[in-house]
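Some notes on the structure that comes next.
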Amino acid sequence: QVQLVESGGGLAQPGGSLRLSCATSGITLEWYAVGWYRQAPGQQRSLVATMTRGSITNYADSVKGRFTISRDNAKNTMYLQMNRLKPEDTGVYYCNAKFAGNDYWGQGTQVTVSS
């Protein structure tokens with residue numbers, strides 16, 4: 001059974017930092033392209049950051065220079081380091097893993113940026 005479990009969300013002040021983790025099981029993460037997506041209240045889910053199997057990264061313009069996606073294939077875990085958080089970063093963050101037609105999602109973790 002494939003599982004992706006996010007953790008690390010919560011409440012942060014503007015300018016603060018959070019680190020999200022996504023622990024996977026049932027897959028060999030090194031084969032997969034991975035990503036983080038965000039769904040803000042009343043909006044559709046949108047891309048935050050992705051990383052290919054070869055560690056090529058892509059970021060939404062709104063998070064470039066502030067967020068960093070990474071992966072530890074030995075631990076089957078992906079991460080999203082979020083710095084200089086802004087209120088507009090608020091939303092539910094989902095991790096994703098894609099390979100060979102398989103497309104897996106976590107259950108989401110809430111991030112709220114507010115003073």
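Here, A, B, ... name the chains of the structure tokens in the order displayed, residue numbers run from 1 inside each chain, and ligands are numbered from 1 in the same displayed order.
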Compile the contact shell of Ser25 in chain A as number ranges by chain: residues with an atom at most 8 Å away, counting only C-alpha atoms, same-chain residues fewer than 5 positions apart removed. A: 1-4, 76
What's around Trp105 in chain A at 9 Å? Count only C-alpha atoms, leave out sequence neighbours fewer than 4 positions away in its own chain, and write the answer as a PyMOL selection string. chain A and resi 3-5+94-97
For C-alpha atoms, I'd like the residues from the last selection saved as a short mmCIF file (atom, residue, chain, number, x, y, z; two decimals), in the first residue's frame.
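File produced: out.cif:
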```cif
data_model
loop_
_atom_site.label_atom_id
_atom_site.label_comp_id
_atom_site.auth_asym_id
_atom_site.auth_seq_id
_atom_site.Cartn_x
_atom_site.Cartn_y
_atom_site.Cartn_z
CA GLN A 3 1.27 6.15 1.55
CA LEU A 4 2.48 9.74 1.52
CA VAL A 5 2.26 11.46 4.90
CA TYR A 94 0.12 18.46 -0.56
CA CYS A 95 3.08 16.32 -1.54
CA ASN A 96 3.05 14.36 -4.77
CA ALA A 97 5.05 11.56 -6.38
#
```
Near-range 51-60 of chain A list (12 Å; only C-alpha atoms; drop same-chain fewer than 3 positions) as a ChimeraX atom specification: /A:28-38,46-48,63-73,78-80,89,95-99
Could the residues in this selection be saved with N, CA and C atoms as an mmCIF file, in the first residue's frame?
```cif
data_model
loop_
_atom_site.group_PDB
_atom_site.id
_atom_site.type_symbol
_atom_site.label_atom_id
_atom_site.label_comp_id
_atom_site.auth_asym_id
_atom_site.auth_seq_id
_atom_site.Cartn_x
_atom_site.Cartn_y
_atom_site.Cartn_z
ATOM 1 N N THR A 28 9.555 3.244 -4.199
ATOM 2 C CA THR A 28 10.978 3.559 -4.165
ATOM 3 C C THR A 28 11.114 4.988 -4.673
ATOM 4 N N LEU A 29 11.269 5.910 -3.748
ATOM 5 C CA LEU A 29 11.128 7.322 -4.087
ATOM 6 C C LEU A 29 12.114 7.767 -5.168
ATOM 7 N N GLU A 30 13.282 7.173 -5.250
ATOM 8 C CA GLU A 30 14.296 7.636 -6.203
ATOM 9 C C GLU A 30 13.824 7.495 -7.643
ATOM 10 N N TRP A 31 12.830 6.664 -7.895
ATOM 11 C CA TRP A 31 12.307 6.501 -9.247
ATOM 12 C C TRP A 31 11.321 7.618 -9.631
ATOM 13 N N TYR A 32 10.877 8.379 -8.664
ATOM 14 C CA TYR A 32 9.745 9.272 -8.840
ATOM 15 C C TYR A 32 10.169 10.732 -8.973
ATOM 16 N N ALA A 33 9.428 11.454 -9.812
ATOM 17 C CA ALA A 33 9.441 12.906 -9.739
ATOM 18 C C ALA A 33 8.547 13.295 -8.563
ATOM 19 N N VAL A 34 8.976 14.304 -7.819
ATOM 20 C CA VAL A 34 8.234 14.687 -6.618
ATOM 21 C C VAL A 34 7.846 16.156 -6.697
ATOM 22 N N GLY A 35 6.872 16.514 -5.894
ATOM 23 C CA GLY A 35 6.441 17.909 -5.911
ATOM 24 C C GLY A 35 5.608 18.272 -4.708
ATOM 25 N N TRP A 36 5.474 19.572 -4.520
ATOM 26 C CA TRP A 36 4.606 20.148 -3.498
ATOM 27 C C TRP A 36 3.604 21.069 -4.200
ATOM 28 N N TYR A 37 2.365 20.981 -3.759
ATOM 29 C CA TYR A 37 1.291 21.789 -4.303
ATOM 30 C C TYR A 37 0.546 22.445 -3.147
ATOM 31 N N ARG A 38 -0.122 23.530 -3.444
ATOM 32 C CA ARG A 38 -0.808 24.311 -2.409
ATOM 33 C C ARG A 38 -2.230 24.612 -2.874
ATOM 34 N N SER A 46 -2.478 24.415 -6.737
ATOM 35 C CA SER A 46 -1.488 24.933 -7.685
ATOM 36 C C SER A 46 -0.092 24.463 -7.310
ATOM 37 N N LEU A 47 0.764 24.436 -8.320
ATOM 38 C CA LEU A 47 2.133 23.985 -8.121
ATOM 39 C C LEU A 47 2.924 24.962 -7.260
ATOM 40 N N VAL A 48 3.689 24.410 -6.319
ATOM 41 C CA VAL A 48 4.623 25.218 -5.536
ATOM 42 C C VAL A 48 6.050 24.931 -6.006
ATOM 43 N N VAL A 63 7.243 31.812 -5.134
ATOM 44 C CA VAL A 63 8.048 31.250 -4.039
ATOM 45 C C VAL A 63 9.536 31.186 -4.369
ATOM 46 N N LYS A 64 9.908 31.551 -5.590
ATOM 47 C CA LYS A 64 11.325 31.492 -5.977
ATOM 48 C C LYS A 64 12.167 32.340 -5.043
ATOM 49 N N GLY A 65 13.278 31.756 -4.592
ATOM 50 C CA GLY A 65 14.174 32.465 -3.692
ATOM 51 C C GLY A 65 13.789 32.360 -2.230
ATOM 52 N N ARG A 66 12.599 31.811 -1.953
ATOM 53 C CA ARG A 66 12.151 31.666 -0.564
ATOM 54 C C ARG A 66 11.963 30.206 -0.160
ATOM 55 N N PHE A 67 11.511 29.390 -1.085
ATOM 56 C CA PHE A 67 11.241 27.976 -0.792
ATOM 57 C C PHE A 67 12.282 27.101 -1.473
ATOM 58 N N THR A 68 12.575 25.957 -0.854
ATOM 59 C CA THR A 68 13.513 24.996 -1.427
ATOM 60 C C THR A 68 12.950 23.591 -1.286
ATOM 61 N N ILE A 69 12.846 22.902 -2.394
ATOM 62 C CA ILE A 69 12.413 21.504 -2.379
ATOM 63 C C ILE A 69 13.657 20.619 -2.347
ATOM 64 N N SER A 70 13.564 19.525 -1.597
ATOM 65 C CA SER A 70 14.677 18.581 -1.552
ATOM 66 C C SER A 70 14.128 17.180 -1.318
ATOM 67 N N ARG A 71 15.014 16.221 -1.424
ATOM 68 C CA ARG A 71 14.601 14.827 -1.232
ATOM 69 C C ARG A 71 15.744 14.048 -0.618
ATOM 70 N N ASP A 72 15.395 13.036 0.163
ATOM 71 C CA ASP A 72 16.361 12.091 0.696
ATOM 72 C C ASP A 72 15.866 10.715 0.279
ATOM 73 N N ASN A 73 16.417 10.217 -0.804
ATOM 74 C CA ASN A 73 15.920 8.942 -1.344
ATOM 75 C C ASN A 73 16.173 7.780 -0.386
ATOM 76 N N MET A 78 10.598 13.486 1.105
ATOM 77 C CA MET A 78 10.825 14.761 0.431
ATOM 78 C C MET A 78 10.528 15.893 1.415
ATOM 79 N N TYR A 79 11.086 17.051 1.116
ATOM 80 C CA TYR A 79 10.971 18.189 2.024
ATOM 81 C C TYR A 79 10.635 19.465 1.258
ATOM 82 N N LEU A 80 10.075 20.412 1.990
ATOM 83 C CA LEU A 80 9.902 21.761 1.467
ATOM 84 C C LEU A 80 10.287 22.733 2.569
ATOM 85 N N ASP A 89 1.005 32.737 1.482
ATOM 86 C CA ASP A 89 1.464 31.342 1.441
ATOM 87 C C ASP A 89 0.519 30.414 2.193
ATOM 88 N N CYS A 95 1.932 16.867 -0.832
ATOM 89 C CA CYS A 95 3.080 16.322 -1.545
ATOM 90 C C CYS A 95 2.581 15.336 -2.601
ATOM 91 N N ASN A 96 3.423 15.151 -3.617
ATOM 92 C CA ASN A 96 3.047 14.355 -4.773
ATOM 93 C C ASN A 96 4.247 13.584 -5.281
ATOM 94 N N ALA A 97 4.003 12.374 -5.764
ATOM 95 C CA ALA A 97 5.051 11.560 -6.379
ATOM 96 C C ALA A 97 4.487 10.932 -7.649
ATOM 97 N N LYS A 98 5.229 11.105 -8.764
ATOM 98 C CA LYS A 98 4.763 10.617 -10.064
ATOM 99 C C LYS A 98 5.833 9.745 -10.723
ATOM 100 N N PHE A 99 5.391 8.606 -11.307
ATOM 101 C CA PHE A 99 6.309 7.774 -12.080
ATOM 102 C C PHE A 99 5.505 6.753 -12.875
#
```
Report the distance between CA of Arg84 in chain A and CA of Leu20 in chain A in Å, rounded to one decimal place.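 Spanning CA of Arg84 in chain A to CA of Leu20 in chain A is a straight-line distance of 14.4 Å.
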Sel. of strand (DSSP E) residues, chain A, as a ChimeraX atom specification: /A:3-7,10-12,18-25,33-39,46-51,57-59,67-72,77-82,91-99,102-105,109-113
Between A:Ile27, A:Cys22, A:Leu11, A:Leu85, which has the minimum distance to Thr112 in chain A (counting only C-alpha atoms)?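 Closest residue, counting only C-alpha atoms: A:Leu11.
All residues of chain A that DSSP, run on the backbone, classes as helix (DSSP H, G or I) are Leu29, Glu30, Trp31, Asn73, Ala74, Lys75, Pro87, Glu88 and Asp89 of chain A.
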Quick one: write out the picked residues with N, CA and C atoms as a short mmCIF file (atom, residue, chain, number, x, y, z; two decimals), in the first residue's frame?
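Written out: part-v4.cif:
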```cif
data_model
loop_
_atom_site.label_atom_id
_atom_site.label_comp_id
_atom_site.auth_asym_id
_atom_site.auth_seq_id
_atom_site.Cartn_x
_atom_site.Cartn_y
_atom_site.Cartn_z
N LEU A 29 11.27 5.91 -3.75
CA LEU A 29 11.13 7.32 -4.09
C LEU A 29 12.11 7.77 -5.17
N GLU A 30 13.28 7.17 -5.25
CA GLU A 30 14.30 7.64 -6.20
C GLU A 30 13.82 7.49 -7.64
N TRP A 31 12.83 6.66 -7.89
CA TRP A 31 12.31 6.50 -9.25
C TRP A 31 11.32 7.62 -9.63
N ASN A 73 16.42 10.22 -0.80
CA ASN A 73 15.92 8.94 -1.34
C ASN A 73 16.17 7.78 -0.39
N ALA A 74 17.25 7.86 0.38
CA ALA A 74 17.54 6.79 1.34
C ALA A 74 16.45 6.71 2.41
N LYS A 75 15.85 7.85 2.73
CA LYS A 75 14.78 7.88 3.73
C LYS A 75 13.39 7.88 3.10
N PRO A 87 1.65 36.01 4.24
CA PRO A 87 0.25 35.58 4.45
C PRO A 87 -0.33 34.85 3.24
N GLU A 88 0.08 35.23 2.05
CA GLU A 88 -0.46 34.58 0.85
C GLU A 88 0.09 33.16 0.64
N ASP A 89 1.00 32.74 1.48
CA ASP A 89 1.46 31.34 1.44
C ASP A 89 0.52 30.41 2.19
#
```
Out of A:Thr90, A:Thr50, A:Gln107, A:Ser62, which residue has the shortest atom-to-atom distance to Ala23 in chain A when counting only C-alpha atoms? A:Gln107
Counting only C-alpha atoms, closest pick from A:Gly15, A:Asp61, A:Thr24, A:Ala49 relative to Tyr104 in chain A is A:Thr24
Between CA of Gly10 in chain A and CA of Asp103 in chain A, measure the distance and give it in Å to one decimal.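 If I compute the distance from CA of Gly10 in chain A to CA of Asp103 in chain A, I get 25.8 Å.
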Ranking A:Gln39, A:Asn102, A:Thr109, A:Gln44 by minimum distance to Ser21 in chain A and counting only C-alpha atoms, which one comes first?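 Using only C-alpha atoms, Ser21 in chain A sits closest to A:Thr109.
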Record the distance separating CA of Thr77 in chain A and CA of Ser7 in chain A, expressed in Å with one decimal.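 Straight-line distance from CA of Thr77 in chain A to CA of Ser7 in chain A works out to 11.0 Å.
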